[in-house]
Amino acid sequence: MTADPGFDLFLGIDWSGAKGARTRGIQVAATRPGGALPLLIANPYREHGIWSRPDVLSFLVAKVDEGCRVLAGFDFAFCYAFEDEAAYFPGLPDAPSSPEAVWALVEQTAQDDPDLYGAALYKRADLPYRDYFMAPGWRGEKYRYRQRLVEQAAASVTTPHPVFKCIGAANVGTGSLAGMRLLHRLRGLDQDIRIWPFDPEPGGALTVVEIFPRFYYKLAGGDPRAWGDQGNLGSVCRHFGVTLGEIPEIRAEDEADALISAAALRELQAEAALWKQARRAGASKEGWIFGAA
């Protein structure tokens with residue numbers, strides 16, 4: 001890292017790929033520099049306070065417009081495995097070969113679906129991409145258990161699910177497709193926005209990184225299954241530098257994930273060596289979980 005990016009707002013965003021305009025699976029926690037406990041934020045654009053994916057995008061843009069220097073972490077994979085086969089979709093002619101091209105493909109394929117829903121890439125039978133996915137009622141002929149290099153690196157702590165897997169409660173695949181539509185929109189904004197590690201230097205008005213809440217629990221010696229235990233959450237937050245505030249009553253795992261991710265981001269971003277993971281093999285093609293060494 002060549003210079004301190006000077007973030008003054010840290011956002012832990014627990015994402016969701018679920019179909020629908022609003023989902024309780026999206027939770028946002030925010031904190032400033034210092035030792036205060038992150039706070040869970042309700043959607044300021046809707047009376048009921050439940051987030052939608054477009055509202056998260058609007059919230060990020062609003063914070064940038066206010067002059068905040070924002071570090072936002074999202075718990076979806078920013079791209080697919082590439083290094084194992086030197087391709088995202090092996091054997092498919094004219095397939096995308098860069099992260100930005102993958103995001104554009106997801107956007108183009110799903111453009112008729114509202115609310116940044118991205119599952120069209122594996123649902124559309126007229127496209128060859130579905131052959132690479134495992135989804136409800138469907139296992140593509142070319143689906144294999146492929147891991148990104150960061151998933152292999154993180155395995156010493158905890159192992160993420162492969163991104164082409166779009167079935168099961170712990171799958172990251174559907175949320176990643178919706179997230180790729182978000183990244184495509186961010187790339188198109190006329191703002192100084194860095195999407196790490198594809199933009200290796202943090203800074204500008206907004207830096208967006210990939211997070212993995214379960215990984216942060218494990219780094220702190222906590223138990224991700226005990227997300228409702230205030231003692232467990234308090235221990236994790238103290239590990240990540242929280243010295244002020246009491247853990248609130250947590251009603252859902254997504255709330256806990258957002259809270260501890262915001263605390264982890266604030267603490268870990270000061271470690272220059274972690275930003276240098278952008279130089280790791282595979283990072284520029286596949287993405288990297290922030291904090292994985």
# chains A, B, ... in the order shown; residues from 1 in each chain; ligands from 1
>>> residues_around(residues="region 202-210 of chain A", least_positions_apart="6", cutoff="6 Å", atoms="only C-alpha atoms", output="PyMOL selection string")
chain A and resi 5+64+69-75+192-196+289-290
>>> write_last_selection(atoms="all heavy atoms", output="tab-separated table (two decimals), in the first residue's frame")
chain	number	residue	atom	x	y	z
A	5	PRO	N	-5.22	5.08	2.98
A	5	PRO	CA	-6.40	5.57	2.27
A	5	PRO	C	-7.29	6.44	3.14
A	5	PRO	O	-8.17	7.13	2.62
A	5	PRO	CB	-7.13	4.28	1.86
A	5	PRO	CG	-6.66	3.27	2.84
A	5	PRO	CD	-5.25	3.62	3.18
A	64	VAL	N	-20.79	8.36	-0.56
A	64	VAL	CA	-19.73	8.96	-1.36
A	64	VAL	C	-20.04	10.42	-1.64
A	64	VAL	O	-19.18	11.30	-1.53
A	64	VAL	CB	-19.54	8.16	-2.67
A	64	VAL	CG1	-18.65	8.93	-3.65
A	64	VAL	CG2	-18.94	6.79	-2.38
A	69	ARG	N	-15.14	8.73	3.01
A	69	ARG	CA	-14.19	7.80	2.39
A	69	ARG	C	-14.54	6.43	2.96
A	69	ARG	O	-14.25	6.14	4.11
A	69	ARG	CB	-12.76	8.20	2.70
A	69	ARG	CG	-12.36	9.54	2.06
A	69	ARG	CD	-11.13	10.12	2.70
A	69	ARG	NE	-11.39	10.45	4.10
A	69	ARG	CZ	-10.48	10.95	4.94
A	69	ARG	NH1	-9.26	11.15	4.51
A	69	ARG	NH2	-10.80	11.22	6.19
A	70	VAL	N	-15.12	5.60	2.13
A	70	VAL	CA	-15.80	4.39	2.60
A	70	VAL	C	-15.03	3.14	2.23
A	70	VAL	O	-14.56	2.99	1.09
A	70	VAL	CB	-17.22	4.31	1.99
A	70	VAL	CG1	-17.96	3.08	2.51
A	70	VAL	CG2	-18.01	5.59	2.28
A	71	LEU	N	-14.93	2.23	3.20
A	71	LEU	CA	-14.48	0.86	2.94
A	71	LEU	C	-15.69	-0.04	3.19
A	71	LEU	O	-16.19	-0.12	4.32
A	71	LEU	CB	-13.33	0.46	3.85
A	71	LEU	CG	-12.87	-1.01	3.74
A	71	LEU	CD1	-12.39	-1.33	2.33
A	71	LEU	CD2	-11.77	-1.31	4.76
A	72	ALA	N	-16.18	-0.69	2.14
A	72	ALA	CA	-17.37	-1.53	2.23
A	72	ALA	C	-17.00	-2.97	1.91
A	72	ALA	O	-16.39	-3.24	0.88
A	72	ALA	CB	-18.46	-1.04	1.27
A	73	GLY	N	-17.39	-3.89	2.79
A	73	GLY	CA	-17.15	-5.31	2.57
A	73	GLY	C	-18.45	-6.04	2.28
A	73	GLY	O	-19.45	-5.84	2.98
A	74	PHE	N	-18.45	-6.88	1.25
A	74	PHE	CA	-19.61	-7.66	0.85
A	74	PHE	C	-19.28	-9.15	0.93
A	74	PHE	O	-18.23	-9.57	0.42
A	74	PHE	CB	-20.00	-7.34	-0.60
A	74	PHE	CG	-20.69	-6.02	-0.78
A	74	PHE	CD1	-19.96	-4.86	-0.99
A	74	PHE	CD2	-22.08	-5.93	-0.77
A	74	PHE	CE1	-20.59	-3.64	-1.17
A	74	PHE	CE2	-22.72	-4.72	-0.96
A	74	PHE	CZ	-21.98	-3.56	-1.16
A	75	ASP	N	-20.20	-9.94	1.47
A	75	ASP	CA	-19.92	-11.36	1.59
A	75	ASP	C	-20.45	-12.16	0.39
A	75	ASP	O	-21.28	-13.04	0.51
A	75	ASP	CB	-20.46	-11.92	2.91
A	75	ASP	CG	-21.96	-12.05	2.95
A	75	ASP	OD1	-22.63	-11.24	2.25
A	75	ASP	OD2	-22.49	-12.92	3.64
A	192	ASP	N	-14.51	7.86	-8.18
A	192	ASP	CA	-13.25	7.14	-7.94
A	192	ASP	C	-13.56	5.98	-6.99
A	192	ASP	O	-13.47	6.10	-5.78
A	192	ASP	CB	-12.22	8.09	-7.32
A	192	ASP	CG	-10.85	7.42	-7.16
A	192	ASP	OD1	-10.73	6.24	-7.57
A	192	ASP	OD2	-9.93	8.05	-6.64
A	193	ILE	N	-13.94	4.86	-7.60
A	193	ILE	CA	-14.32	3.67	-6.85
A	193	ILE	C	-13.33	2.56	-7.15
A	193	ILE	O	-13.05	2.25	-8.31
A	193	ILE	CB	-15.75	3.22	-7.21
A	193	ILE	CG1	-16.77	4.30	-6.77
A	193	ILE	CG2	-16.10	1.88	-6.57
A	193	ILE	CD1	-18.17	4.05	-7.24
A	194	ARG	N	-12.78	1.97	-6.10
A	194	ARG	CA	-11.81	0.89	-6.25
A	194	ARG	C	-12.49	-0.43	-5.87
A	194	ARG	O	-13.08	-0.54	-4.80
A	194	ARG	CB	-10.60	1.10	-5.33
A	194	ARG	CG	-10.09	2.54	-5.26
A	194	ARG	CD	-9.31	2.95	-6.47
A	194	ARG	NE	-8.95	4.36	-6.41
A	194	ARG	CZ	-7.83	4.84	-5.85
A	194	ARG	NH1	-6.98	4.00	-5.25
A	194	ARG	NH2	-7.56	6.14	-5.88
A	195	ILE	N	-12.39	-1.42	-6.75
A	195	ILE	CA	-12.89	-2.76	-6.46
A	195	ILE	C	-11.67	-3.66	-6.29
A	195	ILE	O	-11.00	-4.02	-7.25
A	195	ILE	CB	-13.81	-3.28	-7.58
A	195	ILE	CG1	-15.00	-2.33	-7.78
A	195	ILE	CG2	-14.32	-4.69	-7.26
A	195	ILE	CD1	-15.93	-2.71	-8.93
A	196	TRP	N	-11.36	-3.94	-5.04
A	196	TRP	CA	-10.15	-4.68	-4.70
A	196	TRP	C	-10.42	-6.18	-4.79
A	196	TRP	O	-11.51	-6.62	-4.41
A	196	TRP	CB	-9.75	-4.30	-3.26
A	196	TRP	CG	-8.45	-4.87	-2.80
A	196	TRP	CD1	-7.21	-4.32	-2.95
A	196	TRP	CD2	-8.25	-6.11	-2.11
A	196	TRP	NE1	-6.26	-5.13	-2.39
A	196	TRP	CE2	-6.87	-6.24	-1.88
A	196	TRP	CE3	-9.10	-7.12	-1.66
A	196	TRP	CZ2	-6.31	-7.34	-1.21
A	196	TRP	CZ3	-8.57	-8.23	-1.01
A	196	TRP	CH2	-7.19	-8.33	-0.79
A	289	ILE	N	-10.48	-12.83	-0.72
A	289	ILE	CA	-11.18	-12.50	0.53
A	289	ILE	C	-10.28	-11.61	1.36
A	289	ILE	O	-9.14	-12.00	1.68
A	289	ILE	CB	-11.56	-13.77	1.30
A	289	ILE	CG1	-12.55	-14.62	0.50
A	289	ILE	CG2	-12.15	-13.41	2.67
A	289	ILE	CD1	-12.71	-16.03	1.03
A	290	PHE	N	-10.76	-10.44	1.75
A	290	PHE	CA	-9.90	-9.53	2.50
A	290	PHE	C	-9.61	-10.11	3.88
A	290	PHE	O	-10.52	-10.48	4.62
A	290	PHE	CB	-10.56	-8.15	2.64
A	290	PHE	CG	-9.60	-7.14	3.21
A	290	PHE	CD1	-8.54	-6.68	2.47
A	290	PHE	CD2	-9.76	-6.67	4.51
A	290	PHE	CE1	-7.64	-5.77	2.98
A	290	PHE	CE2	-8.86	-5.76	5.03
A	290	PHE	CZ	-7.80	-5.31	4.27
>>> residues_around(residues="Ser52 (chain A)", least_positions_apart="4", cutoff="12 Å", atoms="only C-alpha atoms", output="VMD selection string")
chain A and resid 13 to 28 42 to 46 48 56 to 59 114 to 117 178 182
>>> write_last_selection(atoms="N, CA and C atoms", output="short mmCIF file (atom, residue, chain, number, x, y, z; two decimals), in the first residue's frame")
data_model
loop_
_atom_site.label_atom_id
_atom_site.label_comp_id
_atom_site.auth_asym_id
_atom_site.auth_seq_id
_atom_site.Cartn_x
_atom_site.Cartn_y
_atom_site.Cartn_z
N ILE A 13 -21.41 -5.63 5.08
CA ILE A 13 -22.69 -5.83 4.40
C ILE A 13 -22.90 -7.32 4.15
N ASP A 14 -23.87 -7.87 4.88
CA ASP A 14 -24.25 -9.26 4.67
C ASP A 14 -25.25 -9.30 3.53
N TRP A 15 -24.88 -9.92 2.45
CA TRP A 15 -25.56 -9.85 1.17
C TRP A 15 -26.54 -11.01 1.01
N SER A 16 -27.33 -10.96 -0.03
CA SER A 16 -28.27 -12.04 -0.34
C SER A 16 -28.54 -12.07 -1.83
N GLY A 17 -28.67 -13.29 -2.35
CA GLY A 17 -29.04 -13.44 -3.75
C GLY A 17 -30.48 -13.85 -3.94
N ALA A 18 -31.27 -13.78 -2.85
CA ALA A 18 -32.66 -14.25 -2.91
C ALA A 18 -33.50 -13.42 -3.88
N LYS A 19 -34.47 -14.08 -4.49
CA LYS A 19 -35.35 -13.38 -5.40
C LYS A 19 -36.32 -12.51 -4.62
N GLY A 20 -36.61 -11.33 -5.13
CA GLY A 20 -37.55 -10.44 -4.46
C GLY A 20 -37.00 -9.06 -4.27
N ALA A 21 -37.90 -8.11 -4.07
CA ALA A 21 -37.51 -6.71 -3.95
C ALA A 21 -36.79 -6.43 -2.65
N ARG A 22 -37.18 -7.10 -1.57
CA ARG A 22 -36.56 -6.85 -0.27
C ARG A 22 -36.30 -8.19 0.41
N THR A 23 -35.23 -8.25 1.15
CA THR A 23 -34.90 -9.49 1.85
C THR A 23 -34.25 -9.19 3.19
N ARG A 24 -34.71 -9.87 4.21
CA ARG A 24 -34.12 -9.71 5.53
C ARG A 24 -32.72 -10.32 5.59
N GLY A 25 -32.33 -11.03 4.53
CA GLY A 25 -30.98 -11.58 4.48
C GLY A 25 -29.92 -10.54 4.26
N ILE A 26 -30.30 -9.34 3.85
CA ILE A 26 -29.33 -8.24 3.71
C ILE A 26 -29.31 -7.45 5.01
N GLN A 27 -28.13 -7.32 5.58
CA GLN A 27 -27.94 -6.53 6.79
C GLN A 27 -26.70 -5.66 6.61
N VAL A 28 -26.76 -4.46 7.15
CA VAL A 28 -25.66 -3.50 7.03
C VAL A 28 -25.26 -3.02 8.41
N ALA A 42 -30.81 0.25 9.66
CA ALA A 42 -32.01 -0.07 8.89
C ALA A 42 -31.98 0.68 7.57
N ASN A 43 -32.68 0.19 6.59
CA ASN A 43 -32.77 0.84 5.29
C ASN A 43 -33.42 2.22 5.46
N PRO A 44 -32.68 3.30 5.19
CA PRO A 44 -33.25 4.63 5.41
C PRO A 44 -34.26 5.05 4.34
N TYR A 45 -34.39 4.27 3.27
CA TYR A 45 -35.25 4.64 2.16
C TYR A 45 -36.65 4.02 2.24
N ARG A 46 -36.86 3.12 3.20
CA ARG A 46 -38.14 2.42 3.32
C ARG A 46 -38.62 2.46 4.76
N HIS A 48 -40.27 0.34 6.45
CA HIS A 48 -40.11 -0.92 7.17
C HIS A 48 -38.65 -1.21 7.50
N VAL A 56 -29.04 -0.75 -1.27
CA VAL A 56 -27.65 -0.79 -0.79
C VAL A 56 -26.76 0.01 -1.74
N LEU A 57 -26.96 -0.15 -3.04
CA LEU A 57 -26.19 0.62 -4.01
C LEU A 57 -26.44 2.12 -3.83
N SER A 58 -27.69 2.50 -3.66
CA SER A 58 -28.03 3.91 -3.45
C SER A 58 -27.38 4.45 -2.18
N PHE A 59 -27.36 3.64 -1.14
CA PHE A 59 -26.75 4.04 0.13
C PHE A 59 -25.25 4.29 -0.04
N PRO A 114 -35.57 -7.73 -12.16
CA PRO A 114 -35.42 -6.54 -11.31
C PRO A 114 -34.57 -6.83 -10.08
N ASP A 115 -34.23 -5.77 -9.37
CA ASP A 115 -33.62 -5.85 -8.05
C ASP A 115 -32.27 -6.55 -8.04
N LEU A 116 -31.54 -6.45 -9.16
CA LEU A 116 -30.20 -7.03 -9.27
C LEU A 116 -30.20 -8.55 -9.07
N TYR A 117 -31.33 -9.19 -9.28
CA TYR A 117 -31.37 -10.64 -9.21
C TYR A 117 -30.54 -11.20 -10.35
N ALA A 178 -25.85 -11.98 -8.00
CA ALA A 178 -26.45 -10.68 -7.73
C ALA A 178 -25.38 -9.64 -7.42
N LEU A 182 -24.06 -5.84 -9.04
CA LEU A 182 -23.73 -4.66 -8.27
C LEU A 182 -22.36 -4.13 -8.67
#
>>> select_by_dssp(residues="region 74-270 of chain A", states="helix (DSSP H, G or I)", output="PyMOL selection string")
chain A and resi 99-110+120-123+128-132+149-154+173-187+213-219+230-239+253-268
>>> closest_atom_pairs(of="region 70-160 of chain A", to="region 271-284 of chain A", cutoff="10 Å", atoms="only C-alpha atoms", output="Markdown table")
| residue | atom | partner | partner_atom | distance |
| --- | --- | --- | --- | --- |
| A:Cys79 | CA | A:Ser284 | CA | 9.8 |
| A:Ala81 | CA | A:Gly282 | CA | 8.5 |
| A:Phe82 | CA | A:Gly282 | CA | 7.5 |
| A:Glu83 | CA | A:Gly282 | CA | 6.1 |
| A:Asp84 | CA | A:Gly282 | CA | 9.5 |
| A:Ser98 | CA | A:Ser284 | CA | 8.6 |
| A:Pro99 | CA | A:Ser284 | CA | 8.1 |
| A:Arg148 | CA | A:Gly282 | CA | 7.8 |
| A:Leu149 | CA | A:Gly282 | CA | 6.3 |
| A:Val150 | CA | A:Ala283 | CA | 7.7 |
>>> write_last_selection(atoms="all heavy atoms", output="compact mmCIF listing (two decimals), in the first residue's frame")
# COMPACT_ATOMS: atom_id res chain seq x y z
N CYS A 79 -15.65 -13.13 -8.19
CA CYS A 79 -15.54 -13.77 -9.50
C CYS A 79 -15.38 -15.28 -9.30
O CYS A 79 -15.50 -15.78 -8.18
CB CYS A 79 -14.37 -13.19 -10.31
SG CYS A 79 -14.64 -13.32 -12.12
N ALA A 81 -13.51 -19.25 -10.18
CA ALA A 81 -12.20 -19.90 -10.35
C ALA A 81 -11.75 -19.74 -11.80
O ALA A 81 -12.54 -19.89 -12.74
CB ALA A 81 -12.30 -21.37 -9.97
N PHE A 82 -10.48 -19.46 -11.96
CA PHE A 82 -9.90 -19.28 -13.29
C PHE A 82 -8.58 -20.03 -13.43
O PHE A 82 -8.32 -20.69 -14.44
CB PHE A 82 -9.68 -17.79 -13.58
CG PHE A 82 -9.12 -17.50 -14.94
CD1 PHE A 82 -9.97 -17.24 -16.00
CD2 PHE A 82 -7.74 -17.47 -15.18
CE1 PHE A 82 -9.47 -16.96 -17.27
CE2 PHE A 82 -7.23 -17.21 -16.44
CZ PHE A 82 -8.10 -16.95 -17.50
N GLU A 83 -7.74 -19.93 -12.41
CA GLU A 83 -6.37 -20.41 -12.52
C GLU A 83 -6.27 -21.92 -12.72
O GLU A 83 -5.32 -22.40 -13.35
CB GLU A 83 -5.58 -20.02 -11.26
CG GLU A 83 -5.43 -18.51 -11.08
CD GLU A 83 -4.62 -17.86 -12.20
OE1 GLU A 83 -3.67 -18.50 -12.69
OE2 GLU A 83 -4.94 -16.71 -12.58
N ASP A 84 -7.22 -22.70 -12.24
CA ASP A 84 -7.13 -24.16 -12.36
C ASP A 84 -7.26 -24.63 -13.80
O ASP A 84 -6.67 -25.63 -14.19
CB ASP A 84 -8.18 -24.84 -11.47
CG ASP A 84 -9.61 -24.42 -11.82
OD1 ASP A 84 -9.79 -23.37 -12.49
OD2 ASP A 84 -10.55 -25.13 -11.39
N SER A 98 -12.10 -11.94 -18.25
CA SER A 98 -11.70 -10.98 -17.23
C SER A 98 -12.86 -10.82 -16.25
O SER A 98 -14.02 -11.08 -16.61
CB SER A 98 -11.36 -9.62 -17.84
OG SER A 98 -12.54 -8.99 -18.33
N PRO A 99 -12.59 -10.39 -15.02
CA PRO A 99 -13.69 -10.19 -14.08
C PRO A 99 -14.75 -9.23 -14.60
O PRO A 99 -15.95 -9.49 -14.49
CB PRO A 99 -12.99 -9.64 -12.83
CG PRO A 99 -11.61 -10.19 -12.91
CD PRO A 99 -11.28 -10.19 -14.38
N ARG A 148 -11.35 -21.34 -6.00
CA ARG A 148 -10.43 -20.24 -6.28
C ARG A 148 -9.19 -20.40 -5.40
O ARG A 148 -9.23 -21.08 -4.37
CB ARG A 148 -11.10 -18.89 -5.99
CG ARG A 148 -12.32 -18.60 -6.85
CD ARG A 148 -12.92 -17.24 -6.52
NE ARG A 148 -13.42 -17.19 -5.14
CZ ARG A 148 -13.64 -16.07 -4.47
NH1 ARG A 148 -13.40 -14.89 -5.03
NH2 ARG A 148 -14.11 -16.11 -3.25
N LEU A 149 -8.11 -19.74 -5.77
CA LEU A 149 -6.89 -19.84 -4.97
C LEU A 149 -7.09 -19.28 -3.57
O LEU A 149 -6.52 -19.78 -2.60
CB LEU A 149 -5.73 -19.13 -5.68
CG LEU A 149 -5.26 -19.78 -6.99
CD1 LEU A 149 -4.06 -19.03 -7.55
CD2 LEU A 149 -4.91 -21.25 -6.78
N VAL A 150 -7.93 -18.26 -3.44
CA VAL A 150 -8.16 -17.69 -2.11
C VAL A 150 -8.92 -18.68 -1.23
O VAL A 150 -8.73 -18.73 -0.02
CB VAL A 150 -8.88 -16.34 -2.17
CG1 VAL A 150 -10.33 -16.50 -2.65
CG2 VAL A 150 -8.85 -15.65 -0.82
>>> residues_around(residues="Asp223 (chain A)", least_positions_apart="5", cutoff="10 Å", atoms="only C-alpha atoms", output="short mmCIF file (atom, residue, chain, number, x, y, z; two decimals) with C-alpha atoms, in the first residue's frame")
data_model
loop_
_atom_site.label_atom_id
_atom_site.label_comp_id
_atom_site.auth_asym_id
_atom_site.auth_seq_id
_atom_site.Cartn_x
_atom_site.Cartn_y
_atom_site.Cartn_z
CA ARG A 214 -17.21 -17.15 9.11
CA TYR A 216 -13.46 -13.61 10.80
CA TYR A 217 -15.17 -15.62 13.54
CA LYS A 218 -12.51 -18.29 13.18
CA ASP A 229 -24.53 -15.65 22.00
CA ASN A 232 -19.25 -15.12 21.78
CA LEU A 233 -19.90 -12.00 19.68
CA SER A 235 -15.15 -11.87 22.31
CA VAL A 236 -14.92 -11.71 18.51
#
